[in-house]
Every structure is written in structure tokens, then in C-alpha cells.
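Novice: Dropping in data_27.csv, with CSV, C-alpha atoms.
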chain,number,residue,atom,x,y,z
A,215,MET,CA,-3.8,14.9,14.3
A,216,GLU,CA,-7.6,14.3,14.1
A,217,ILE,CA,-8.7,10.7,13.8
A,218,ASN,CA,-12.5,10.1,14.0
A,219,VAL,CA,-14.8,7.2,14.7
A,220,LEU,CA,-16.6,5.6,11.8
A,221,GLU,CA,-20.2,6.9,11.8
A,222,LYS,CA,-21.6,3.9,9.9
A,223,SER,CA,-19.5,0.9,9.3
A,224,PHE,CA,-19.8,-2.9,8.8
A,225,ILE,CA,-17.6,-5.9,9.3
A,226,ASN,CA,-17.6,-9.1,7.2
A,227,ILE,CA,-18.3,-11.9,9.6
A,228,SER,CA,-18.0,-14.7,7.1
A,229,GLY,CA,-14.5,-15.5,8.3
A,230,GLU,CA,-13.0,-15.2,4.8
A,231,ILE,CA,-9.9,-13.0,4.4
A,232,TYR,CA,-9.1,-11.2,1.1
A,233,ASP,CA,-5.9,-9.7,-0.2
A,234,SER,CA,-5.5,-6.0,0.4
A,235,GLU,CA,-5.7,-5.2,-3.3
A,236,TYR,CA,-8.9,-7.2,-3.8
A,237,ILE,CA,-11.6,-4.5,-4.0
A,238,ASN,CA,-11.7,-0.9,-2.8
A,239,LEU,CA,-15.4,0.0,-3.1
A,240,VAL,CA,-18.7,-1.8,-2.8
A,241,ASN,CA,-22.4,-1.1,-2.5
A,242,ILE,CA,-24.4,-1.8,0.7
A,243,GLU,CA,-28.2,-1.6,0.6
A,244,ASP,CA,-30.5,-2.4,3.5
A,245,ASP,CA,-27.4,-3.4,5.5
A,246,LYS,CA,-26.5,-6.1,3.0
A,247,LEU,CA,-23.8,-6.3,0.3
A,248,ALA,CA,-25.2,-5.4,-3.1
A,249,LEU,CA,-22.6,-5.8,-5.8
A,250,ASP,CA,-24.3,-5.5,-9.2
A,251,GLU,CA,-23.6,-5.0,-12.9
A,252,ARG,CA,-21.5,-1.9,-12.2
A,253,THR,CA,-18.7,-4.2,-10.8
A,254,LEU,CA,-17.2,-5.3,-14.1
A,255,PHE,CA,-14.1,-7.2,-12.9
A,256,LEU,CA,-16.1,-9.9,-11.0
A,257,THR,CA,-18.2,-12.6,-12.6
A,258,ARG,CA,-21.9,-13.0,-11.8
A,259,LEU,CA,-21.2,-16.0,-9.6
A,260,GLU,CA,-18.4,-14.2,-7.7
A,261,LYS,CA,-20.7,-11.3,-7.0
A,262,GLU,CA,-23.5,-13.6,-5.9
A,263,ARG,CA,-21.1,-15.4,-3.5
A,264,LEU,CA,-19.8,-12.1,-2.1
A,265,ASN,CA,-23.3,-10.6,-1.7
A,266,GLY,CA,-24.2,-13.7,0.3
A,267,GLN,CA,-21.5,-13.1,2.9
A,268,PRO,CA,-22.9,-11.8,6.2
A,269,ILE,CA,-22.0,-8.4,7.5
A,270,LYS,CA,-22.7,-6.7,10.8
A,271,ASN,CA,-23.3,-3.0,11.4
A,272,TYR,CA,-21.6,-0.8,14.0
A,273,ASN,CA,-22.1,2.9,14.4
A,274,ASP,CA,-19.6,5.4,15.9
A,275,ALA,CA,-17.0,2.7,16.0
A,276,VAL,CA,-13.3,2.0,15.6
A,277,TYR,CA,-11.7,-1.4,15.1
A,278,VAL,CA,-8.6,-2.4,17.0
A,279,PHE,CA,-6.9,-5.4,15.5
A,280,LYS,CA,-4.1,-7.8,16.4
A,281,TYR,CA,-2.3,-9.8,13.8
A,282,ASN,CA,0.4,-12.0,15.3
A,283,GLN,CA,2.3,-9.4,17.3
A,284,VAL,CA,1.1,-6.4,15.2
A,285,PHE,CA,-1.5,-4.0,16.6
A,286,GLY,CA,-3.3,-1.3,14.8
A,287,LEU,CA,-6.5,0.7,14.4
A,288,VAL,CA,-9.1,1.1,11.6
A,289,GLY,CA,-10.9,4.4,11.8
A,290,ASP,CA,-11.9,7.5,9.9
A,291,VAL,CA,-9.4,10.2,8.8
A,292,PRO,CA,-10.8,13.6,7.8
A,293,ILE,CA,-9.5,14.7,4.3
A,294,LYS,CA,-8.7,18.1,5.8
A,295,GLU,CA,-5.7,16.6,7.5
A,296,TYR,CA,-4.4,15.5,4.1
A,297,ASN,CA,-5.1,18.9,2.6
A,298,SER,CA,-3.3,20.7,5.4
A,299,GLY,CA,-0.2,18.6,4.9
A,300,LYS,CA,-0.4,16.7,8.2
A,301,ILE,CA,-0.6,13.5,6.2
A,302,LYS,CA,2.7,13.2,4.5
A,303,CYS,CA,2.9,11.8,1.0
A,304,HIS,CA,5.8,10.4,-0.9
A,305,GLU,CA,4.6,9.0,-4.2
A,306,LEU,CA,3.4,10.6,-7.5
A,307,VAL,CA,-0.3,10.2,-8.3
A,308,MET,CA,-1.4,9.3,-11.8
A,309,PRO,CA,-4.1,11.5,-13.4
A,310,ASP,CA,-5.7,8.6,-15.3
A,311,THR,CA,-6.0,6.5,-12.1
A,312,VAL,CA,-7.5,9.4,-10.2
A,313,GLN,CA,-10.0,10.1,-13.0
A,314,GLY,CA,-11.3,6.5,-12.9
A,315,MET,CA,-11.5,6.6,-9.1
A,316,LEU,CA,-13.5,9.8,-9.1
A,317,SER,CA,-16.0,8.2,-11.4
A,318,ASN,CA,-16.2,5.1,-9.2
A,319,LEU,CA,-17.0,7.1,-6.1
A,320,HIS,CA,-20.4,8.0,-7.6
A,321,SER,CA,-21.1,4.4,-8.5
A,322,TYR,CA,-20.6,2.9,-5.0
A,323,ASN,CA,-21.5,4.0,-1.5
A,324,CYS,CA,-18.9,2.2,0.7
A,325,GLU,CA,-15.2,2.0,1.0
A,326,ALA,CA,-14.0,-1.7,1.4
A,327,ALA,CA,-10.3,-1.3,1.8
A,328,PRO,CA,-8.5,1.2,4.1
A,329,VAL,CA,-5.6,3.3,3.1
A,330,LEU,CA,-2.5,2.4,5.1
A,331,LEU,CA,-1.1,5.2,7.3
A,332,ALA,CA,2.1,4.9,9.4
A,333,HIS,CA,2.8,6.9,12.5
A,334,ARG,CA,5.6,7.2,15.1
A,335,LYS,CA,3.6,7.1,18.3
A,336,LYS,CA,3.4,3.8,20.1
A,337,ILE,CA,-0.1,3.2,21.3
A,338,ASN,CA,-0.8,0.5,24.0
A,339,TYR,CA,-3.7,-1.2,22.4
A,340,SER,CA,-3.2,-4.2,24.7
A,341,TYR,CA,-4.4,-2.0,27.5
A,342,TYR,CA,-7.7,-1.2,25.8
A,343,ILE,CA,-8.2,-4.8,24.9
A,344,SER,CA,-7.5,-5.9,28.5
A,345,GLU,CA,-10.1,-3.5,29.8
A,346,LYS,CA,-12.7,-5.5,27.8
A,347,LYS,CA,-14.8,-2.4,27.0
A,348,TYR,CA,-15.2,-3.4,23.4
A,349,VAL,CA,-18.7,-4.4,22.3
A,350,GLU,CA,-17.7,-7.5,20.4
A,351,ASN,CA,-14.6,-9.3,19.2
A,352,PHE,CA,-13.9,-11.6,16.3
A,353,SER,CA,-11.1,-14.2,15.7
A,354,LEU,CA,-10.6,-14.7,12.0
A,355,ASN,CA,-8.5,-16.9,9.8
A,356,GLY,CA,-4.7,-16.5,9.9
A,357,GLY,CA,-4.6,-15.3,13.4
A,358,LEU,CA,-6.3,-11.9,12.9
A,359,GLU,CA,-8.3,-10.7,15.9
A,360,ILE,CA,-10.6,-7.7,15.8
A,361,TYR,CA,-12.1,-5.8,18.7
A,362,VAL,CA,-15.0,-3.4,18.1
A,363,PHE,CA,-15.2,-0.3,20.3
A,364,CYS,CA,-18.1,2.1,20.0
A,365,GLY,CA,-19.2,5.5,21.4
A,366,LYS,CA,-17.2,7.0,24.2
A,367,GLU,CA,-14.7,4.0,24.3
A,368,ALA,CA,-14.0,4.4,20.6
A,369,ALA,CA,-13.5,8.2,20.9
A,370,LYS,CA,-11.1,7.6,23.8
A,371,ILE,CA,-8.9,5.6,21.5
A,372,THR,CA,-8.9,8.1,18.7
A,373,LYS,CA,-7.8,10.8,21.1
A,374,GLU,CA,-4.4,8.9,21.4
A,375,PHE,CA,-3.5,10.6,18.0
A,376,GLU,CA,-4.2,14.2,19.2
A,377,ASP,CA,-0.5,14.9,19.9
A,378,GLU,CA,0.8,13.2,16.7
A,379,GLU,CA,1.9,16.0,14.4
A,380,SER,CA,2.2,14.0,11.2
A,381,ILE,CA,1.3,10.6,9.8
A,382,TYR,CA,2.7,9.0,6.7
A,383,VAL,CA,1.0,7.5,3.7
A,384,ALA,CA,2.2,3.9,3.3
A,385,ASP,CA,-0.4,2.8,0.7
A,386,GLY,CA,-3.4,4.7,-0.7
A,387,HIS,CA,-2.0,7.9,-2.3
A,388,HIS,CA,-4.6,7.8,-5.1
A,389,ARG,CA,-7.5,7.2,-2.8
A,390,LEU,CA,-6.5,10.2,-0.6
A,391,TYR,CA,-6.0,12.5,-3.5
A,392,THR,CA,-9.3,11.4,-5.2
A,393,THR,CA,-11.2,12.1,-1.9
A,394,SER,CA,-9.5,15.6,-1.8
A,395,LEU,CA,-11.0,16.3,-5.2
A,396,SER,CA,-14.5,15.0,-4.3
A,397,SER,CA,-17.3,17.4,-3.6
A,398,PHE,CA,-19.1,15.1,-1.2
A,399,LYS,CA,-16.7,12.7,0.5
A,400,ARG,CA,-15.0,14.3,3.5
A,401,SER,CA,-13.0,11.4,5.0
A,402,VAL,CA,-11.1,8.2,4.2
A,403,LEU,CA,-11.4,4.7,5.8
A,404,SER,CA,-7.9,4.3,7.2
A,405,CYS,CA,-5.7,1.6,8.9
A,406,LEU,CA,-3.2,3.2,11.2
A,407,ILE,CA,-0.1,1.2,12.2
A,408,SER,CA,3.0,2.4,14.1
A,409,PHE,CA,6.3,2.2,12.3
A,410,GLU,CA,7.5,-0.2,15.0
A,411,TYR,CA,5.2,-2.9,13.4
A,412,LEU,CA,5.8,-2.1,9.8
A,413,ASP,CA,8.4,-3.4,7.3
A,414,ILE,CA,9.4,-1.7,4.1
A,415,LEU,CA,10.1,-4.3,1.5
A,416,PRO,CA,11.5,-3.9,-2.0
A,417,ILE,CA,9.5,-3.8,-5.2
A,418,HIS,CA,11.3,-5.6,-8.0
A,419,ARG,CA,11.0,-4.9,-11.7
A,420,ILE,CA,10.5,-6.9,-14.9
A,421,ILE,CA,11.3,-5.4,-18.3
A,422,PRO,CA,9.3,-7.7,-20.6
A,423,ASN,CA,10.2,-9.1,-24.0
A,424,ILE,CA,13.7,-7.8,-24.4
A,425,ASP,CA,15.5,-8.8,-27.6
A,426,ALA,CA,18.9,-10.6,-27.0
A,427,GLN,CA,20.8,-7.9,-29.0
A,428,LEU,CA,19.2,-5.1,-27.0
A,429,PHE,CA,20.3,-6.9,-23.8
A,430,GLU,CA,23.9,-7.2,-25.1
A,431,ASN,CA,24.0,-3.5,-26.0
A,432,ALA,CA,22.7,-2.6,-22.5
A,433,LYS,CA,25.1,-5.0,-20.9
A,434,GLU,CA,28.1,-3.5,-22.7
A,435,PHE,CA,27.0,0.0,-21.6
A,436,ILE,CA,26.6,-1.2,-18.0
A,437,TYR,CA,30.0,-2.9,-17.9
A,438,THR,CA,31.6,0.3,-19.3
A,439,LYS,CA,29.9,2.8,-16.9
A,440,PHE,CA,29.2,0.9,-13.7
A,441,ASN,CA,30.9,-1.3,-11.2
A,442,VAL,CA,29.6,-4.8,-11.9
A,443,MET,CA,29.9,-7.6,-9.3
A,444,LYS,CA,29.3,-11.3,-9.1
A,445,GLU,CA,25.7,-12.5,-9.0
A,446,ASN,CA,25.9,-13.8,-5.4
A,447,THR,CA,26.9,-10.4,-4.1
A,448,PRO,CA,24.5,-9.5,-1.3
A,449,LEU,CA,22.2,-6.5,-2.2
A,450,SER,CA,22.5,-3.4,-0.1
A,451,LYS,CA,21.6,0.3,-0.7
A,452,GLY,CA,22.8,1.3,-4.1
A,453,LYS,CA,23.0,-2.2,-5.5
A,454,ILE,CA,20.6,-4.0,-7.9
A,455,ARG,CA,20.7,-7.5,-9.4
A,456,LEU,CA,19.9,-8.1,-13.1
A,457,GLU,CA,18.9,-11.4,-14.6
A,458,TYR,CA,18.3,-12.3,-18.2
A,459,GLU,CA,18.1,-15.9,-19.4
A,460,GLU,CA,21.2,-17.6,-18.0
A,461,GLU,CA,23.0,-14.3,-17.1
A,462,LYS,CA,22.9,-12.7,-13.7
A,463,PHE,CA,25.1,-9.9,-12.2
A,464,VAL,CA,24.9,-7.2,-9.5
A,465,VAL,CA,25.3,-3.5,-10.5
A,466,SER,CA,26.4,-0.7,-8.1
A,467,LEU,CA,24.5,2.4,-9.0
A,468,ILE,CA,26.4,5.7,-9.3
A,469,GLU,CA,26.1,7.8,-6.2
A,470,LEU,CA,25.2,11.4,-6.9
A,471,ASN,CA,26.6,14.4,-5.0
A,472,SER,CA,23.2,15.4,-3.7
A,473,ASP,CA,20.5,14.7,-1.2
A,474,ALA,CA,18.7,11.5,-0.2
A,475,PHE,CA,16.1,11.8,-2.9
A,476,TRP,CA,18.6,11.9,-5.8
A,477,ASN,CA,20.4,8.9,-4.2
A,478,ASN,CA,17.1,7.0,-3.8
A,479,ASP,CA,17.7,3.6,-5.4
A,480,ILE,CA,14.5,3.6,-7.6
A,481,TYR,CA,15.3,7.1,-8.9
A,482,ARG,CA,18.9,6.0,-9.8
A,483,LEU,CA,17.6,2.7,-11.3
A,484,ASN,CA,15.1,4.5,-13.5
A,485,THR,CA,17.6,7.2,-14.7
A,486,GLN,CA,20.8,5.2,-14.8
A,487,ILE,CA,19.8,1.7,-15.9
A,488,ILE,CA,16.3,1.6,-17.3
A,489,SER,CA,16.4,4.8,-19.4
A,490,GLN,CA,20.1,5.0,-20.2
A,491,ALA,CA,21.1,1.4,-20.6
A,492,PHE,CA,17.8,-0.1,-22.0
A,493,ARG,CA,16.5,3.1,-23.6
A,494,ILE,CA,13.1,2.7,-21.9
A,495,PHE,CA,11.5,6.0,-20.9
A,496,ASP,CA,8.0,4.9,-20.1
A,497,THR,CA,8.0,3.0,-16.8
A,498,GLY,CA,4.4,2.1,-17.4
A,499,SER,CA,5.7,-0.7,-19.6
A,500,LEU,CA,7.3,-2.4,-16.7
A,501,GLN,CA,5.9,-5.1,-14.5
A,502,TYR,CA,6.3,-5.1,-10.7
A,503,LEU,CA,6.8,-7.9,-8.1
A,504,SER,CA,6.6,-8.0,-4.4
A,505,ASP,CA,9.0,-10.3,-2.5
A,506,THR,CA,6.3,-13.0,-2.5
A,507,ASP,CA,5.7,-12.5,-6.2
A,508,LEU,CA,9.4,-12.8,-6.8
A,509,LYS,CA,9.6,-16.3,-5.3
A,510,ASN,CA,6.8,-17.4,-7.5
A,511,TYR,CA,8.3,-15.8,-10.6
A,512,LYS,CA,11.7,-17.4,-10.0
A,513,SER,CA,10.1,-20.9,-10.0
A,514,SER,CA,9.0,-20.2,-13.6
A,515,PRO,CA,10.7,-17.1,-15.0
A,516,GLY,CA,9.5,-15.5,-18.2
A,517,LYS,CA,11.6,-16.0,-21.3
A,518,LYS,CA,13.2,-12.8,-22.8
A,519,ASN,CA,12.3,-10.9,-19.6
A,520,ILE,CA,14.8,-8.9,-17.6
A,521,LEU,CA,14.4,-9.3,-13.9
A,522,ILE,CA,15.7,-6.4,-11.7
A,523,GLU,CA,15.9,-7.1,-8.0
A,524,THR,CA,16.1,-4.0,-5.7
A,525,TYR,CA,16.9,-3.2,-2.1
A,526,PRO,CA,14.4,-1.5,0.2
A,527,ILE,CA,14.6,2.1,1.5
A,528,THR,CA,15.0,2.4,5.3
A,529,LYS,CA,12.3,3.8,7.5
A,530,GLU,CA,14.6,6.8,8.4
A,531,GLU,CA,15.1,7.5,4.6
A,532,PHE,CA,11.4,7.2,4.0
A,533,ILE,CA,10.4,9.6,6.9
A,534,ASN,CA,13.1,12.2,5.8
A,535,CYS,CA,11.9,12.2,2.2
A,536,ALA,CA,8.2,12.6,3.3
A,537,ASN,CA,9.0,15.3,5.8
A,538,ASN,CA,10.9,17.2,3.1
A,539,ASN,CA,7.9,16.9,0.7
A,540,THR,CA,10.0,14.8,-1.7
A,541,ILE,CA,8.0,12.8,-4.2
A,542,MET,CA,9.7,9.5,-4.9
A,543,PRO,CA,9.3,7.6,-8.1
A,544,PRO,CA,6.2,5.3,-8.3
A,545,LYS,CA,6.6,1.8,-6.8
A,546,SER,CA,9.4,2.9,-4.5
A,547,THR,CA,8.1,1.2,-1.3
A,548,TRP,CA,6.0,-1.8,-0.3
A,549,PHE,CA,4.8,-1.7,3.3
A,550,ALA,CA,3.9,-4.8,5.2
A,551,PRO,CA,1.6,-6.0,6.7
A,552,LYS,CA,-1.4,-4.6,4.9
A,553,PHE,CA,-4.9,-4.8,6.2
A,554,PRO,CA,-7.3,-7.1,4.2
A,555,SER,CA,-9.8,-5.8,1.8
A,556,PHE,CA,-13.5,-6.6,2.0
A,557,LEU,CA,-13.4,-7.0,5.7
A,558,ILE,CA,-14.4,-3.6,7.2
A,559,PHE,CA,-16.7,-1.3,5.2
A,560,LYS,CA,-17.3,2.5,5.7
A,561,LYS,CA,-20.5,3.9,4.2
A,562,TYR,CA,-19.9,7.3,2.8
A,563,SER,CA,-23.1,8.1,0.9
In C-alpha cells, how does this file's structure come out?

Specialist:
Amino acid sequence: MEINVLEKSFINISGEIYDSEYINLVNIEDDKLALDERTLFLTRLEKERLNGQPIKNYNDAVYVFKYNQVFGLVGDVPIKEYNSGKIKCHELVMPDTVQGMLSNLHSYNCEAAPVLLAHRKKINYSYYISEKKYVENFSLNGGLEIYVFCGKEAAKITKEFEDEESIYVADGHHRLYTTSLSSFKRSVLSCLISFEYLDILPIHRIIPNIDAQLFENAKEFIYTKFNVMKENTPLSKGKIRLEYEEEKFVVSLIELNSDAFWNNDIYRLNTQIISQAFRIFDTGSLQYLSDTDLKNYKSSPGKKNILIETYPITKEEFINCANNNTIMPPKSTWFAPKFPSFLIFKKYS
């Protein structure tokens, strides 16, 4: 697997940390942030504040990071590795999303959030840090430490991946696919973390604005066709929890006489419960919650919404599906931790 140094990159040295979903692309002009009227989802004051944050330039660099006991690397991944199939995907990409991203690539010149790639090899980053051959290091809020390696020392670290046959997309399917279609962008800013440091968490569903009679009809169908258990039954593979108003119960999904994909919980949830019981065939109408979002939601649940709690896929199931080129339903996995957005930037044009 070829992993490269970042030819021209920057790090935000303001000390502020942003959510991984905050922003994917920015403009940098004269080594300064230059968000302008093209960024429609931020106010003028927000753009002025972000543009005022100091950044520092490093060339031919990689960034080793330590977050609590998690280690990883931010570097550059050639899109040819994706096109050749060495980067294993597992999630369907949406044409409308890709179309918007392709347009945005021409409006900006820097990536501001890395895709998240998982790998099997364990790399001893502590050794590289202990050698103190980095050019600079930063201690940021929340216990995040970043070590900047440049030139030969950076290339030495990237060579650790030469014997890795495959790496796996944990987050960033659309950005990888968009780059593969681009005529001028040849690589992707990437955060590489070993599976040993990653957790796969569930993504829960909300079906909004469900009429009480529709719920009763679906409930009758579920009780007729499925094994239904008490609300406090612990979730495990093949079990989901439904909640509507004051009602709550656990449903055991029907196991299919087939392979791991067909018995993937999200596939079975979509086909057995959402489409058959609730007659919803467009999953775009659903809302999605991480575990953190779920805790916030439960403190003030939406009326007339159906909450569906799910159980996460295992790492072994995930790797098997990806190796078999199986495409899971959208929102099947949530990997944690994720690298922050608006912290490391890679200039691509």
C-alpha cells in the first residue's frame, strides 16, 4: 500500500478543536485561511473568525497524533490505490452527494478533513515520537498531541505501510469516489488508524411524524411475524429496540439462510421492519443518531417519532464484508474516534 507525505500542508495552531463533520474544504491564499462568499453555510462573522485563526505551513510532511491512548497518522493517499481496489469500501455512494462534491472541488483549493482509513498492521508510533526527530509538536485541547515529521523522517514512517495489502474505508466514501472522478485531484488527505484503536458504534434511526394508527398497524404486523421481547432485553446481533410515545419493545430480526451481508442488522432492519412493517421505502426520510446523539435525544424525545436502536457490527464482520466487496446499506457503521476537522489542511490546487 502506498502512503505518501503531504507536499504542502498546514496545521491550525489556534488550539481550537472542531467536530469531524464541521467542514471538508477551505481556501488558503498566501498561507492564510480565505473563506469567502462561496461558503454559504457559515455566516460572515463565522468566516471572519475562522479566517483569523493562525495556521502554519509544513511541506513534505506527515502528522503523527496521539489522543489518549490512540495513535494514528495523517498523510496523503494516492487515489490509484482506491481505483485498484486496495482501499476496501463497504458503503453505497449517493450520486447527488458526489455531484455536489465535484462542484465544490473547483471552488476550493484545500482539504480540511481527512477521510478515515482503518488498517490491520500495528505501527509503533511511540518509537518515532521517542526518537524526537519531528520538527515540531503541538498539545491541543482535549488531550490531542500532534507531532510533525518532514522530509526523510516523514517518508520513513509512510514506508511502514508498504507491506499492508489492504486498508478499509471507515468514513469518507463520497470523498474518495469524488476524487476518483476528478480530472485534476490525484490523492486524498487521510487519517490512518489501526483497527486495534477503533470502535464500531451503532447508528440509530428515527422515523419522524408517525401517525398513531400507522404505528398500531405496524405493531400488529411485528407481533404477528417476529419474536418480540420486553423493553429491557439487552441488545445483541439481530435485535433492535423500538420506542414510540410510551411504548417500547425489543424485536428479534428474522435470520436468513444466507451469508453475512444478508444477515447484516441494517439490511434486515430496512427490509423487514422499515419497509414491510412501516411501509417506508425511501430511507432518505429517516433521521440518524450516533450514541452521543441518542443520549441527548432521550432527554427530550420528539413526539410522534419512532426511535429504533440498533446493535453494532463487529470488526470481523466488517472486514469480511469489505473483503468480499459487499456493499452494506448506508449508515451501517459509525467508527470512533474520528480526527477533527479544520485542524490539518492539504492544498491540492

Novice: Set out as a Markdown table a contact list for range 382-428 of chain A and range 280-302 of chain A with a cut-off of 9 Å, giving each residue of range 382-428 of chain A that qualifies its closest atom pair and distance in Å to one decimal, counting only C-alpha atoms, ordered by chain and rising residue number.

Specialist:
| residue | atom | partner | partner_atom | distance |
| --- | --- | --- | --- | --- |
| A:Tyr382 | CA | A:Lys302 | CA | 4.7 |
| A:Val383 | CA | A:Lys302 | CA | 6.0 |
| A:Leu390 | CA | A:Ile293 | CA | 7.3 |
| A:Tyr391 | CA | A:Tyr296 | CA | 8.3 |
| A:Thr393 | CA | A:Ile293 | CA | 6.9 |
| A:Ser394 | CA | A:Ile293 | CA | 6.2 |
| A:Lys399 | CA | A:Ile293 | CA | 8.4 |
| A:Arg400 | CA | A:Ile293 | CA | 5.6 |
| A:Ser401 | CA | A:Pro292 | CA | 4.2 |
| A:Val402 | CA | A:Val291 | CA | 5.3 |
| A:Leu403 | CA | A:Asp290 | CA | 5.0 |
| A:Ser404 | CA | A:Gly289 | CA | 5.5 |
| A:Cys405 | CA | A:Val288 | CA | 4.4 |
| A:Leu406 | CA | A:Leu287 | CA | 5.2 |
| A:Ile407 | CA | A:Gly286 | CA | 4.8 |
| A:Ser408 | CA | A:Gly286 | CA | 7.3 |
| A:Glu410 | CA | A:Val284 | CA | 8.9 |
| A:Tyr411 | CA | A:Val284 | CA | 5.7 |
| A:Leu412 | CA | A:Val284 | CA | 8.4 |

Novice: Suppose you want the space between CA of Ile343 in chain A and CA of Leu330 in chain A; what is it in Å?

Specialist: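 Separating CA of Ile343 in chain A from CA of Leu330 in chain A is a distance of 21.8 Å.
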
Novice: Between A:Leu456, A:Ile468, A:Leu249, A:Asp377, which one has atoms that come closest to Thr485 in chain A, using all atoms listed in the file?

Specialist: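 Checking each candidate against Thr485 in chain A, we get A:Ile468 as the closest.
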
Novice: Could you tell me which of A:Arg263, A:Lys346, A:Arg389, A:Lys561 comes closest to Asp250 in chain A if we count all atoms listed in the file?

Specialist: A:Arg263

Novice: My list of candidates is A:Asn271, A:Ser380, A:Ser344, A:Asn355. Which is closest to Met215 in chain A when distances are computed with only C-alpha atoms?

Specialist: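 So, comparing all the options, the nearest one is A:Ser380.
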
Novice: I need the residue nearest Asn478 in chain A from this list: A:Thr497, A:Ile541, A:Pro448, A:Arg419. Use all atoms listed in the file for the distance.

Specialist: A:Ile541

Novice: Could you check which of A:Val349, A:Asn338, A:Gln501, A:His388 is closest to Asp310 in chain A, using only C-alpha atoms?

Specialist: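 The answer is A:His388, which sits nearest to Asp310 in chain A.
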
Novice: Env of range 531-534 of chain A: 10 Å cut, atoms = only C-alpha atoms, seq-sep filter 3 positions within chain, self excluded. Answer as a PyMOL selection string.

Specialist: chain A and resi 302-304+332-334+381-382+384+414+474-475+478+526-528+537-540+542+546-547

Novice: Determine the nearest neighbour of Phe429 in chain A from the options A:Tyr481, A:Phe463, A:Phe492, A:Phe352, counting all atoms listed in the file.

Specialist: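 Checking each of A:Tyr481, A:Phe463, A:Phe492, A:Phe352 against Phe429 in chain A, counting all atoms listed in the file, the winner is A:Phe492.
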
Novice: Quote the spacing between CA of Leu557 in chain A and CA of Glu325 in chain A in Å to one decimal place.

Specialist: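 So the answer is 10.3 Å.
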
Novice: For a test of reading the model, state the distance in Å between CA of Ala369 in chain A and CA of Phe279 in chain A, rounded to one decimal.

Specialist: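 For CA of Ala369 in chain A relative to CA of Phe279 in chain A, the distance reads 16.1 Å.
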
Novice: Show which residues sit within 10 Å of range 317-324 of chain A, as a list in words. Count only C-alpha atoms, and ignore same-chain residues fewer than 5 positions away.

Specialist: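 Skipping anything fewer than 5 positions along the chain leaves Lys222, Ser223, Phe224, Asn238, Leu239, Val240, Asn241, Ile242, Glu243, Leu247, Ala248, Leu249, Arg252, Thr253, Val312, Thr392, Thr393, Ser396, Phe398, Lys399, Leu403, Ile558, Phe559, Lys560, Lys561, Tyr562 and Ser563 of chain A.
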
Novice: Please determine the residues with any atom at most 9 Å from (18.6, 3.3, -4.6) (coordinates as given in the file, with all atoms listed in the file counting) and report them as a list in words.

Specialist: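 The requested residues, written out, are Ser450, Lys451, Gly452, Lys453, Ile454, Leu467, Glu469, Trp476, Asn477, Asn478, Asp479, Ile480, Tyr481, Arg482, Leu483, Thr524, Tyr525, Pro526 and Ile527 of chain A.
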
Novice: Which polymer residues have any atom within 7 Å of an atom of Ala491 in chain A, counting all atoms listed in the file, with same-chain residues fewer than 6 positions away left out, as a ChimeraX atom specification?

Specialist: /A:432,435-436
